[in-house]
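Heads up, final-v6.cif below (mmCIF, C-alpha atoms):
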```cif
data_query
loop_
_atom_site.label_atom_id
_atom_site.label_comp_id
_atom_site.auth_asym_id
_atom_site.auth_seq_id
_atom_site.Cartn_x
_atom_site.Cartn_y
_atom_site.Cartn_z
CA MET A 28 -203.70 186.45 -39.72
CA SER A 29 -204.52 188.15 -42.97
CA GLN A 30 -202.74 190.12 -45.67
CA LYS A 31 -199.67 187.91 -45.95
CA PRO A 32 -197.85 188.89 -49.15
CA ASP A 33 -196.23 186.18 -51.30
CA TRP A 34 -192.71 187.47 -50.60
CA LEU A 35 -193.09 187.02 -46.85
CA VAL A 36 -191.41 183.62 -46.70
CA ALA A 37 -188.17 182.24 -45.28
CA HIS A 38 -185.00 181.81 -47.35
CA GLY A 39 -181.80 179.88 -46.80
CA THR A 40 -180.62 177.89 -43.83
CA PRO A 41 -181.49 178.57 -40.17
CA TRP A 42 -178.87 179.07 -37.48
CA LYS A 43 -177.68 175.87 -35.81
CA ALA A 44 -177.17 176.20 -32.07
CA GLY A 45 -174.79 174.25 -29.84
CA GLU A 46 -175.12 173.55 -26.14
CA PRO A 47 -175.71 176.78 -24.20
CA ARG A 48 -173.36 177.57 -21.30
CA ARG A 49 -174.96 179.69 -18.58
CA VAL A 50 -172.80 182.72 -17.84
CA TYR A 51 -175.18 184.89 -15.79
CA ASP A 52 -178.58 184.58 -14.20
CA ASN A 53 -180.85 186.83 -12.13
CA PRO A 54 -184.62 186.95 -11.63
CA TRP A 55 -185.12 188.80 -14.93
CA ILE A 56 -182.55 187.49 -17.42
CA ALA A 57 -180.33 184.50 -18.14
CA VAL A 58 -177.25 185.08 -20.29
CA THR A 59 -175.85 182.10 -22.18
CA GLU A 60 -173.00 181.62 -24.60
CA GLN A 61 -173.08 178.89 -27.19
CA THR A 62 -171.30 177.77 -30.30
CA ALA A 63 -173.42 178.16 -33.41
CA VAL A 64 -173.27 177.79 -37.16
CA ALA A 65 -174.49 180.83 -39.06
CA PRO A 66 -176.83 180.62 -42.09
CA THR A 67 -173.72 181.20 -44.23
CA GLY A 68 -172.05 178.09 -42.75
CA LYS A 69 -169.60 180.19 -40.75
CA PRO A 70 -168.94 179.07 -37.15
CA ALA A 71 -169.93 181.64 -34.53
CA LEU A 72 -170.09 182.12 -30.78
CA TYR A 73 -173.49 183.48 -29.75
CA GLY A 74 -174.13 185.39 -26.54
CA LEU A 75 -177.87 185.31 -25.91
CA VAL A 76 -179.81 187.30 -23.32
CA ALA A 77 -182.94 185.30 -22.52
CA PHE A 78 -185.75 187.15 -20.73
CA LYS A 79 -187.77 185.44 -18.00
CA ASN A 80 -190.75 187.72 -18.59
CA ARG A 81 -192.73 188.99 -21.49
CA ALA A 82 -192.84 192.77 -21.79
CA LEU A 83 -196.45 193.90 -21.41
CA ALA A 84 -197.50 197.40 -22.42
CA ILE A 85 -200.87 199.04 -22.00
CA LEU A 86 -202.21 202.12 -23.79
CA PRO A 87 -204.87 203.34 -21.32
CA LEU A 88 -207.10 205.47 -23.54
CA HIS A 89 -209.85 207.37 -21.71
CA ASP A 90 -213.17 208.27 -23.35
CA ASP A 91 -212.08 211.93 -23.50
CA ALA A 92 -209.02 211.00 -25.63
CA THR A 93 -206.56 211.42 -22.80
CA VAL A 94 -204.03 208.76 -21.81
CA THR A 95 -202.51 207.92 -18.44
CA LEU A 96 -198.71 207.85 -18.32
CA VAL A 97 -196.35 206.79 -15.57
CA GLY A 98 -192.97 208.34 -14.82
CA GLN A 99 -189.94 206.72 -13.21
CA HIS A 100 -186.17 206.79 -13.09
CA ARG A 101 -184.65 204.15 -15.41
CA PHE A 102 -181.38 202.64 -14.22
CA PRO A 103 -179.72 201.67 -17.55
CA PHE A 104 -179.97 205.20 -19.00
CA ALA A 105 -179.65 207.00 -15.64
CA ASP A 106 -182.53 209.21 -16.66
CA TYR A 107 -186.20 209.89 -15.98
CA SER A 108 -188.70 208.33 -18.36
CA TRP A 109 -192.41 209.01 -18.93
CA GLU A 110 -194.03 205.93 -20.45
CA ILE A 111 -197.30 204.13 -20.89
CA PRO A 112 -197.83 201.52 -18.12
CA GLU A 113 -195.56 198.52 -18.66
CA GLY A 114 -194.38 195.53 -16.76
CA GLY A 115 -193.06 192.01 -16.98
CA GLY A 116 -195.34 188.99 -17.10
CA PRO A 117 -194.05 185.46 -16.42
CA LEU A 118 -193.86 183.42 -19.64
CA ASP A 119 -196.34 180.86 -18.26
CA GLU A 120 -198.95 183.48 -17.33
CA PRO A 121 -201.67 184.48 -19.83
CA PRO A 122 -200.37 187.86 -21.02
CA LEU A 123 -203.72 189.60 -20.65
CA ALA A 124 -203.84 188.68 -16.95
CA GLY A 125 -200.40 190.23 -16.52
CA ALA A 126 -201.44 193.36 -18.40
CA ARG A 127 -204.51 193.81 -16.16
CA ARG A 128 -202.31 193.46 -13.08
CA GLU A 129 -199.66 195.90 -14.30
CA LEU A 130 -202.24 198.53 -15.25
CA LEU A 131 -203.91 198.25 -11.85
CA GLU A 132 -200.64 198.27 -9.91
CA GLU A 133 -199.13 201.24 -11.72
CA THR A 134 -202.22 203.42 -12.21
CA GLY A 135 -205.14 202.05 -10.18
CA LEU A 136 -207.11 201.78 -13.45
CA GLU A 137 -209.37 198.95 -14.54
CA ALA A 138 -210.58 198.56 -18.14
CA GLU A 139 -213.76 197.10 -19.63
CA GLN A 140 -212.25 196.45 -23.07
CA TRP A 141 -208.84 194.96 -23.78
CA THR A 142 -207.54 194.63 -27.35
CA GLU A 143 -204.15 193.28 -28.39
CA ILE A 144 -202.83 195.81 -30.89
CA LEU A 145 -199.08 195.09 -31.22
CA ARG A 146 -196.39 192.41 -30.88
CA MET A 147 -192.72 193.29 -31.05
CA GLN A 148 -189.39 191.52 -30.76
CA LEU A 149 -187.53 194.27 -28.94
CA SER A 150 -183.90 193.50 -29.84
CA ASN A 151 -183.86 190.31 -31.88
CA SER A 152 -180.15 190.07 -32.62
CA VAL A 153 -179.23 189.72 -28.92
CA THR A 154 -182.35 189.05 -26.81
CA ASP A 155 -185.50 186.94 -27.07
CA GLU A 156 -187.61 189.57 -25.35
CA LEU A 157 -191.13 189.65 -26.78
CA ALA A 158 -193.52 192.51 -26.09
CA ILE A 159 -197.30 192.43 -26.32
CA GLY A 160 -199.23 195.68 -26.38
CA TYR A 161 -202.88 196.15 -25.39
CA LEU A 162 -205.30 198.96 -25.90
CA ALA A 163 -207.33 199.40 -22.68
CA THR A 164 -210.59 201.35 -22.93
CA GLY A 165 -213.68 201.76 -20.77
CA LEU A 166 -211.42 202.87 -17.93
CA THR A 167 -212.47 203.36 -14.30
CA GLN A 168 -210.40 204.28 -11.28
CA SER A 169 -210.35 201.43 -8.79
CA GLN A 170 -210.46 202.01 -5.05
CA ALA A 171 -207.16 200.18 -4.71
CA GLU A 172 -204.13 202.39 -4.11
CA PRO A 173 -201.53 202.04 -6.89
CA ARG A 174 -198.39 200.33 -5.62
CA GLY A 175 -195.00 199.48 -7.08
CA ASP A 176 -192.72 196.50 -6.56
CA GLY A 177 -190.64 198.08 -3.79
CA THR A 178 -188.05 199.60 -6.11
CA GLU A 179 -190.51 201.67 -8.15
CA ASP A 180 -191.41 205.24 -7.23
CA ILE A 181 -194.01 205.94 -9.86
CA ALA A 182 -195.50 209.30 -10.82
CA ARG A 183 -198.68 209.54 -12.89
CA VAL A 184 -200.19 212.03 -15.30
CA ARG A 185 -203.28 212.10 -17.50
CA ALA A 186 -202.75 214.11 -20.67
CA PRO A 187 -204.33 214.50 -24.12
CA PHE A 188 -203.30 211.74 -26.54
CA ARG A 189 -202.31 214.27 -29.16
CA GLU A 190 -200.11 216.22 -26.75
CA VAL A 191 -198.35 213.02 -25.68
CA LEU A 192 -197.87 211.88 -29.28
CA ASP A 193 -196.46 215.25 -30.35
CA ALA A 194 -194.06 215.35 -27.38
CA THR A 195 -192.92 211.84 -28.26
CA MET A 196 -192.33 212.67 -31.93
CA ALA A 197 -190.31 215.68 -30.69
CA GLY A 198 -188.03 213.19 -28.88
CA HIS A 199 -189.08 213.89 -25.27
CA ILE A 200 -190.30 210.30 -24.77
CA GLN A 201 -188.06 207.53 -26.12
CA ASP A 202 -189.21 204.28 -24.49
CA ALA A 203 -189.69 201.94 -27.45
CA LEU A 204 -193.01 200.45 -26.41
CA THR A 205 -194.43 203.88 -25.68
CA VAL A 206 -193.26 205.25 -29.04
CA ALA A 207 -194.69 202.29 -30.97
CA MET A 208 -197.97 202.07 -29.06
CA LEU A 209 -198.70 205.79 -29.45
CA LEU A 210 -198.02 205.54 -33.18
CA ARG A 211 -200.24 202.45 -33.34
CA GLY A 212 -203.00 204.38 -31.57
CA TYR A 213 -202.62 207.18 -34.12
CA HIS A 214 -202.80 204.62 -36.94
CA MET A 215 -205.97 203.08 -35.49
CA ALA A 216 -207.59 206.49 -35.09
CA ARG A 217 -206.77 207.41 -38.70
CA GLU A 218 -207.81 204.04 -40.13
CA GLY A 219 -211.31 204.01 -38.61
CA LEU A 220 -210.42 201.27 -36.11
CA LEU A 221 -211.67 203.29 -33.11
CA PRO A 222 -215.04 204.89 -32.32
CA ASP A 223 -215.44 208.12 -34.32
CA ALA A 224 -215.75 210.54 -31.41
CA LEU A 225 -212.71 209.05 -29.68
CA ALA A 226 -210.64 209.12 -32.88
CA ARG A 227 -211.59 212.77 -33.52
CA GLY A 228 -210.51 213.68 -30.00
CA MET A 229 -207.16 211.94 -30.50
CA LEU A 230 -206.38 213.72 -33.76
CA GLU A 231 -207.44 217.31 -33.06
CA MET B 28 -186.93 220.20 -29.28
CA SER B 29 -190.42 221.65 -29.15
CA GLN B 30 -193.80 220.80 -27.66
CA LYS B 31 -192.57 219.90 -24.18
CA PRO B 32 -195.61 219.82 -21.89
CA ASP B 33 -195.32 221.12 -18.32
CA TRP B 34 -195.83 217.68 -16.79
CA LEU B 35 -192.84 216.22 -18.59
CA VAL B 36 -190.40 216.65 -15.71
CA ALA B 37 -188.56 214.32 -13.35
CA HIS B 38 -189.84 213.39 -9.90
CA GLY B 39 -188.22 211.81 -6.86
CA THR B 40 -184.75 210.42 -6.40
CA PRO B 41 -182.57 208.80 -9.09
CA TRP B 42 -181.11 205.31 -8.75
CA LYS B 43 -177.72 205.20 -7.03
CA ALA B 44 -175.30 202.75 -8.60
CA GLY B 45 -172.43 200.88 -6.95
CA GLU B 46 -169.29 199.55 -8.56
CA PRO B 47 -170.13 197.36 -11.58
CA ARG B 48 -168.71 193.82 -11.65
CA ARG B 49 -168.18 192.49 -15.18
CA VAL B 50 -169.85 189.09 -15.56
CA TYR B 51 -169.83 188.64 -19.35
CA ASP B 52 -168.36 190.34 -22.37
CA ASN B 53 -168.37 189.75 -26.12
CA PRO B 54 -167.97 192.06 -29.13
CA TRP B 55 -171.60 193.20 -28.88
CA ILE B 56 -172.55 193.33 -25.19
CA ALA B 57 -171.05 193.64 -21.71
CA VAL B 58 -173.09 192.32 -18.80
CA THR B 59 -172.42 193.79 -15.37
CA GLU B 60 -173.92 193.28 -11.95
CA GLN B 61 -173.83 196.04 -9.37
CA THR B 62 -175.34 196.96 -6.07
CA ALA B 63 -177.74 199.84 -6.30
CA VAL B 64 -180.18 201.88 -4.23
CA ALA B 65 -183.62 202.21 -5.79
CA PRO B 66 -185.54 205.52 -5.92
CA THR B 67 -187.60 204.17 -3.00
CA GLY B 68 -184.43 203.76 -0.90
CA LYS B 69 -184.55 199.98 -1.15
CA PRO B 70 -181.21 198.20 -1.82
CA ALA B 71 -181.11 196.27 -5.09
CA LEU B 72 -178.78 194.21 -7.23
CA TYR B 73 -178.88 195.39 -10.84
CA GLY B 74 -177.89 193.21 -13.81
CA LEU B 75 -177.24 195.55 -16.72
CA VAL B 76 -176.73 194.57 -20.35
CA ALA B 77 -174.65 197.34 -21.94
CA PHE B 78 -174.56 197.45 -25.73
CA LYS B 79 -171.34 198.30 -27.58
CA ASN B 80 -173.24 199.56 -30.59
CA ARG B 81 -176.15 201.83 -31.32
CA ALA B 82 -178.98 200.21 -33.20
CA LEU B 83 -179.37 201.97 -36.54
CA ALA B 84 -182.50 201.51 -38.62
CA ILE B 85 -183.22 202.86 -42.08
CA LEU B 86 -186.60 203.21 -43.79
CA PRO B 87 -185.59 203.19 -47.48
CA LEU B 88 -188.58 204.83 -49.14
CA HIS B 89 -188.49 204.88 -52.94
CA ASP B 90 -190.17 207.62 -55.00
CA ASP B 91 -192.87 205.13 -56.05
CA ALA B 92 -193.87 204.55 -52.39
CA THR B 93 -192.23 201.14 -52.18
CA VAL B 94 -189.76 200.18 -49.46
CA THR B 95 -186.82 197.78 -49.53
CA LEU B 96 -186.84 195.10 -46.83
CA VAL B 97 -184.22 192.55 -45.89
CA GLY B 98 -184.88 189.02 -44.64
CA GLN B 99 -182.72 186.88 -42.39
CA HIS B 100 -182.82 184.13 -39.80
CA ARG B 101 -182.69 185.57 -36.26
CA PHE B 102 -180.90 183.40 -33.71
CA PRO B 103 -182.66 184.44 -30.46
CA PHE B 104 -186.15 183.63 -31.77
CA ALA B 105 -185.02 180.78 -34.06
CA ASP B 106 -187.20 182.24 -36.79
CA TYR B 107 -187.06 184.13 -40.06
CA SER B 108 -187.56 187.88 -39.93
CA TRP B 109 -188.31 190.43 -42.65
CA GLU B 110 -187.17 193.86 -41.51
CA ILE B 111 -186.12 197.27 -42.69
CA PRO B 112 -182.31 197.49 -43.03
CA GLU B 113 -180.68 197.66 -39.59
CA GLY B 114 -177.28 197.31 -38.10
CA GLY B 115 -175.01 198.24 -35.24
CA GLY B 116 -172.90 201.37 -35.24
CA PRO B 117 -170.01 201.86 -32.80
CA LEU B 118 -170.87 204.41 -30.10
CA ASP B 119 -168.00 206.69 -31.19
CA GLU B 120 -169.08 206.73 -34.85
CA PRO B 121 -171.47 209.43 -36.13
CA PRO B 122 -174.72 207.47 -36.39
CA LEU B 123 -175.55 208.77 -39.86
CA ALA B 124 -172.26 207.40 -41.22
CA GLY B 125 -173.16 204.01 -39.77
CA ALA B 126 -176.66 204.16 -41.24
CA ARG B 127 -175.26 204.93 -44.71
CA ARG B 128 -172.90 201.96 -44.42
CA GLU B 129 -175.57 199.55 -43.22
CA LEU B 130 -177.99 200.55 -45.97
CA LEU B 131 -175.32 200.10 -48.62
CA GLU B 132 -174.06 196.79 -47.21
CA GLU B 133 -177.48 195.23 -46.83
CA THR B 134 -179.25 196.56 -49.91
CA GLY B 135 -176.73 198.22 -52.25
CA LEU B 136 -178.80 201.42 -51.98
CA GLU B 137 -177.53 204.97 -51.61
CA ALA B 138 -179.77 207.86 -50.58
CA GLU B 139 -179.69 211.58 -51.40
CA GLN B 140 -181.76 212.64 -48.37
CA TRP B 141 -181.34 211.36 -44.81
CA THR B 142 -183.69 212.46 -42.04
CA GLU B 143 -183.63 211.29 -38.43
CA ILE B 144 -187.24 210.41 -37.62
CA LEU B 145 -187.12 208.31 -34.43
CA ARG B 146 -185.09 207.57 -31.27
CA MET B 147 -185.96 204.66 -29.03
CA GLN B 148 -184.63 203.04 -25.87
CA LEU B 149 -185.34 199.45 -26.82
CA SER B 150 -185.57 197.77 -23.42
CA ASN B 151 -184.80 200.37 -20.77
CA SER B 152 -185.29 198.28 -17.64
CA VAL B 153 -182.44 195.88 -18.55
CA THR B 154 -180.34 197.30 -21.43
CA ASP B 155 -178.94 200.66 -22.47
CA GLU B 156 -179.48 199.96 -26.15
CA LEU B 157 -180.43 203.12 -28.01
CA ALA B 158 -181.85 203.03 -31.53
CA ILE B 159 -181.82 205.83 -34.07
CA GLY B 160 -184.06 205.61 -37.12
CA TYR B 161 -183.55 207.42 -40.42
CA LEU B 162 -185.79 208.01 -43.39
CA ALA B 163 -183.72 207.52 -46.56
CA THR B 164 -185.12 208.99 -49.79
CA GLY B 165 -183.77 209.83 -53.23
CA LEU B 166 -182.59 206.23 -53.52
CA THR B 167 -180.32 204.85 -56.21
CA GLN B 168 -178.87 201.37 -56.64
CA SER B 169 -175.10 201.45 -56.31
CA GLN B 170 -172.86 199.28 -58.46
CA ALA B 171 -171.45 197.69 -55.31
CA GLU B 172 -172.65 194.20 -54.57
CA PRO B 173 -174.49 194.00 -51.20
CA ARG B 174 -172.49 192.01 -48.68
CA GLY B 175 -173.07 190.81 -45.15
CA ASP B 176 -170.70 190.42 -42.20
CA GLY B 177 -169.92 186.74 -42.86
CA THR B 178 -172.74 185.38 -40.69
CA GLU B 179 -175.55 187.14 -42.56
CA ASP B 180 -177.37 185.52 -45.49
CA ILE B 181 -179.63 188.38 -46.47
CA ALA B 182 -182.61 188.25 -48.83
CA ARG B 183 -184.14 191.43 -50.25
CA VAL B 184 -187.53 192.51 -51.48
CA ARG B 185 -189.05 195.78 -52.68
CA ALA B 186 -192.75 196.06 -51.87
CA PRO B 187 -195.41 198.77 -51.58
CA PHE B 188 -195.25 200.66 -48.26
CA ARG B 189 -198.94 200.08 -47.64
CA GLU B 190 -198.65 196.33 -48.21
CA VAL B 191 -195.71 196.12 -45.79
CA LEU B 192 -197.51 198.22 -43.15
CA ASP B 193 -200.68 196.12 -43.41
CA ALA B 194 -198.73 192.85 -43.15
CA THR B 195 -196.94 194.25 -40.09
CA MET B 196 -200.15 195.30 -38.37
CA ALA B 197 -201.45 191.78 -39.08
CA GLY B 198 -198.50 190.45 -37.02
CA HIS B 199 -196.37 188.99 -39.84
CA ILE B 200 -193.46 191.34 -39.07
CA GLN B 201 -192.57 191.85 -35.40
CA ASP B 202 -189.10 193.39 -35.30
CA ALA B 203 -189.56 196.42 -33.04
CA LEU B 204 -187.64 198.93 -35.12
CA THR B 205 -189.47 197.87 -38.27
CA VAL B 206 -192.87 198.12 -36.56
CA ALA B 207 -192.13 201.57 -35.13
CA MET B 208 -190.49 202.98 -38.26
CA LEU B 209 -193.33 201.87 -40.53
CA LEU B 210 -195.85 203.46 -38.16
CA ARG B 211 -193.72 206.61 -38.06
CA GLY B 212 -193.71 206.65 -41.87
CA TYR B 213 -197.50 206.36 -41.84
CA HIS B 214 -197.70 209.20 -39.32
CA MET B 215 -195.47 211.42 -41.47
CA ALA B 216 -197.52 210.67 -44.59
CA ARG B 217 -200.78 211.53 -42.77
CA GLU B 218 -199.40 214.65 -41.10
CA GLY B 219 -198.15 216.31 -44.28
CA LEU B 220 -194.48 215.73 -43.42
CA LEU B 221 -193.71 214.07 -46.76
CA PRO B 222 -194.14 215.23 -50.37
CA ASP B 223 -197.81 214.97 -51.38
CA ALA B 224 -197.41 212.48 -54.22
CA LEU B 225 -195.26 210.19 -52.10
CA ALA B 226 -197.67 210.36 -49.17
CA ARG B 227 -200.63 209.58 -51.44
CA GLY B 228 -198.82 206.54 -52.78
CA MET B 229 -198.05 205.32 -49.26
CA LEU B 230 -201.65 205.59 -48.09
CA GLU B 231 -203.63 204.22 -51.03
#
```
Structure translated into structure tokens:
Amino acid sequence: MSQKPDWLVAHGTPWKAGEPRRVYDNPWIAVTEQTAVAPTGKPALYGLVAFKNRALAILPLHDDATVTLVGQHRFPFADYSWEIPEGGGPLDEPPLAGARRELLEETGLEAEQWTEILRMQLSNSVTDELAIGYLATGLTQSQAEPRGDGTEDIARVRAPFREVLDATMAGHIQDALTVAMLLRGYHMAREGLLPDALARGMLE
Amino acid sequence: MSQKPDWLVAHGTPWKAGEPRRVYDNPWIAVTEQTAVAPTGKPALYGLVAFKNRALAILPLHDDATVTLVGQHRFPFADYSWEIPEGGGPLDEPPLAGARRELLEETGLEAEQWTEILRMQLSNSVTDELAIGYLATGLTQSQAEPRGDGTEDIARVRAPFREVLDATMAGHIQDALTVAMLLRGYHMAREGLLPDALARGMLE
């Protein structure tokens, strides 16, 4: 990795963790509570939500500067959410393999080029959930019928990148990975990190 | 809100939720498990991590196009993390009041202008954590000494926006709110949503 400024170093004392006690477990998360000593030396009790999957997000960017989004009802917010394709990948699976699978399952799309463009710790005071975001280009529609996991009823739309970005900045789309990946796509288009014709289409 | 495309509507049937059973609770989160019926009609058991605070994030952008970051050890990843100032605000507190407090506590800064620039659902398949991001400008250093919550040992740095953005895109900073807010700042600078001189300083 490049461009690491001098100030980007660690200070002080790390957290010290005691023995974790499992308080809840399902196929997606394990919640533990453990005694800990804070960097200040203060004793603490830490409730940690450990994720059993990586969050994988795909920005499927077509040659005509449109993107494919998927829509679904999200339980925790009891609302409907339009998002880029996302899914969980087991921690021991190469993340790119999981991203290919999720894109195919949710949209029926296959991509020639895959580029990792973002890593995010989604909520790093409570969870260890790590997200990896890929740009997928050179897209073709596979013959396979998109399918969910049995609980997912997924709608799809293909819309201009710029329209999706503007709707997101207006607050109509709030999924964190979608927000960040669209802004990262905008940044790449503006910074000359995408083919010229594609970038022009995304910005106009 | 503006720019809502026609396709941005809900489809299908919402989740139906049963009676939640509390399985874990601490001052920050409450974990519940409940029976549910998925949008497909399939029965499911949903483990939900409910947050007792909103996540508040502040991009403190100085007139000279530098930003103030804070550094701390993060327990869930057992690593050191440089981030924009962030904190939790009780759900019944006006979020702007919480953002002012967090900025002052972590950096000693006060801002003349506050603008909400981002809302994100941080992990909307498992948690209901909502983040609100503010741009803080017209910054002055208060006489008050920055202080943490007793477990926080916080370092501070003031660095050029462009340097911080580049280091983040290189993967050296991965906190989700920091990644998204820096990209949103870049977007605002490029789109003419900030004063010209400030935007020029952020982009050069």
Residues returned when the PyMOL selection byres ((chain A) within 7 of (chain B)) runs on this file, as a ChimeraX atom specification
/A:28-31,37,41-42,50-51,65-67,69,75,100-104,107,146-155,177-180,193-194,197-198,201-203,207,210-211
Ranking B:Gly160, B:Pro187, B:Pro112, B:Thr62 by minimum distance to Gly228 (chain B) and counting all atoms listed in the file, which one comes first?
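The shortest atom-to-atom distance to Gly228 (chain B) comes from B:Pro187.
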Have a look at CA of Gly135 (chain A) and CA of Gln170 (chain A) and let me know their distance in Å, one decimal.
7.4 Å
Between CA of Glu137 (chain B) and CA of Ile111 (chain B) - distance in Å to one decimal:
14.6 Å
What does the distance between CA of Leu118 (chain B) and CA of Ala84 (chain B) come to in Å, to one decimal place?
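Taking CA of Leu118 (chain B) as the start and CA of Ala84 (chain B) as the end point, the length is 14.7 Å.
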Step by step, work through what the PyMOL selection byres ((chain A and resi 123-126) around 10) selects in the shown file, and finish by giving those residues as an mmCIF file with C-alpha atoms, in the frame of the given file.
```cif
data_model
loop_
_atom_site.group_PDB
_atom_site.id
_atom_site.type_symbol
_atom_site.label_atom_id
_atom_site.label_comp_id
_atom_site.auth_asym_id
_atom_site.auth_seq_id
_atom_site.Cartn_x
_atom_site.Cartn_y
_atom_site.Cartn_z
ATOM 1 C CA ARG A 81 -192.730 188.990 -21.490
ATOM 2 C CA ALA A 82 -192.840 192.770 -21.790
ATOM 3 C CA LEU A 83 -196.450 193.900 -21.410
ATOM 4 C CA ALA A 84 -197.500 197.400 -22.420
ATOM 5 C CA ILE A 85 -200.870 199.040 -22.000
ATOM 6 C CA PRO A 112 -197.830 201.520 -18.120
ATOM 7 C CA GLU A 113 -195.560 198.520 -18.660
ATOM 8 C CA GLY A 114 -194.380 195.530 -16.760
ATOM 9 C CA GLY A 115 -193.060 192.010 -16.980
ATOM 10 C CA GLY A 116 -195.340 188.990 -17.100
ATOM 11 C CA PRO A 117 -194.050 185.460 -16.420
ATOM 12 C CA LEU A 118 -193.860 183.420 -19.640
ATOM 13 C CA GLU A 120 -198.950 183.480 -17.330
ATOM 14 C CA PRO A 121 -201.670 184.480 -19.830
ATOM 15 C CA PRO A 122 -200.370 187.860 -21.020
ATOM 16 C CA ARG A 127 -204.510 193.810 -16.160
ATOM 17 C CA ARG A 128 -202.310 193.460 -13.080
ATOM 18 C CA GLU A 129 -199.660 195.900 -14.300
ATOM 19 C CA LEU A 130 -202.240 198.530 -15.250
ATOM 20 C CA LEU A 131 -203.910 198.250 -11.850
ATOM 21 C CA GLU A 132 -200.640 198.270 -9.910
ATOM 22 C CA TRP A 141 -208.840 194.960 -23.780
ATOM 23 C CA THR A 142 -207.540 194.630 -27.350
ATOM 24 C CA GLU A 143 -204.150 193.280 -28.390
ATOM 25 C CA ILE A 159 -197.300 192.430 -26.320
ATOM 26 C CA GLY A 160 -199.230 195.680 -26.380
ATOM 27 C CA TYR A 161 -202.880 196.150 -25.390
ATOM 28 C CA ALA A 163 -207.330 199.400 -22.680
#
```
Edge lengths and centre in Å to one decimal, as JSON, of the axis-aligned box that encloses all listed atoms of region 41-49 of chain A with 5 Å added on every side?
```
{"center_x": -177.4, "center_y": 176.6, "center_z": -29.4, "size_x": 18.1, "size_y": 16.1, "size_z": 31.6}
```
Starting from the incomplete input, reconstruct N, CA and C atoms of region 127-139 of chain A and report them as an mmCIF file, in the frame of the given file.
```
data_model
loop_
_atom_site.group_PDB
_atom_site.id
_atom_site.type_symbol
_atom_site.label_atom_id
_atom_site.label_comp_id
_atom_site.auth_asym_id
_atom_site.auth_seq_id
_atom_site.Cartn_x
_atom_site.Cartn_y
_atom_site.Cartn_z
ATOM 1 N N ARG A 127 -203.516 193.283 -17.117
ATOM 2 C CA ARG A 127 -204.510 193.810 -16.160
ATOM 3 C C ARG A 127 -203.847 194.152 -14.831
ATOM 4 N N ARG A 128 -202.982 193.247 -14.364
ATOM 5 C CA ARG A 128 -202.310 193.460 -13.080
ATOM 6 C C ARG A 128 -201.401 194.678 -13.132
ATOM 7 N N GLU A 129 -200.595 194.776 -14.199
ATOM 8 C CA GLU A 129 -199.660 195.900 -14.300
ATOM 9 C C GLU A 129 -200.388 197.237 -14.376
ATOM 10 N N LEU A 130 -201.485 197.275 -15.145
ATOM 11 C CA LEU A 130 -202.240 198.530 -15.250
ATOM 12 C C LEU A 130 -202.781 198.933 -13.881
ATOM 13 N N LEU A 131 -203.341 197.968 -13.169
ATOM 14 C CA LEU A 131 -203.910 198.250 -11.850
ATOM 15 C C LEU A 131 -202.825 198.685 -10.865
ATOM 16 N N GLU A 132 -201.703 197.962 -10.864
ATOM 17 C CA GLU A 132 -200.640 198.270 -9.910
ATOM 18 C C GLU A 132 -200.034 199.650 -10.151
ATOM 19 N N GLU A 133 -199.847 199.992 -11.425
ATOM 20 C CA GLU A 133 -199.130 201.240 -11.720
ATOM 21 C C GLU A 133 -200.042 202.460 -11.741
ATOM 22 N N THR A 134 -201.342 202.256 -12.032
ATOM 23 C CA THR A 134 -202.220 203.420 -12.210
ATOM 24 C C THR A 134 -203.500 203.356 -11.392
ATOM 25 N N GLY A 135 -203.850 202.194 -10.848
ATOM 26 C CA GLY A 135 -205.140 202.050 -10.180
ATOM 27 C C GLY A 135 -206.310 201.975 -11.150
ATOM 28 N N LEU A 136 -206.029 201.825 -12.448
ATOM 29 C CA LEU A 136 -207.110 201.780 -13.450
ATOM 30 C C LEU A 136 -207.535 200.351 -13.753
ATOM 31 N N GLU A 137 -208.833 200.195 -13.995
ATOM 32 C CA GLU A 137 -209.370 198.950 -14.540
ATOM 33 C C GLU A 137 -210.063 199.277 -15.864
ATOM 34 N N ALA A 138 -210.038 198.310 -16.794
ATOM 35 C CA ALA A 138 -210.580 198.560 -18.140
ATOM 36 C C ALA A 138 -211.663 197.542 -18.472
ATOM 37 N N GLU A 139 -212.714 198.025 -19.147
ATOM 38 C CA GLU A 139 -213.760 197.100 -19.630
ATOM 39 C C GLU A 139 -213.318 196.362 -20.876
#
```
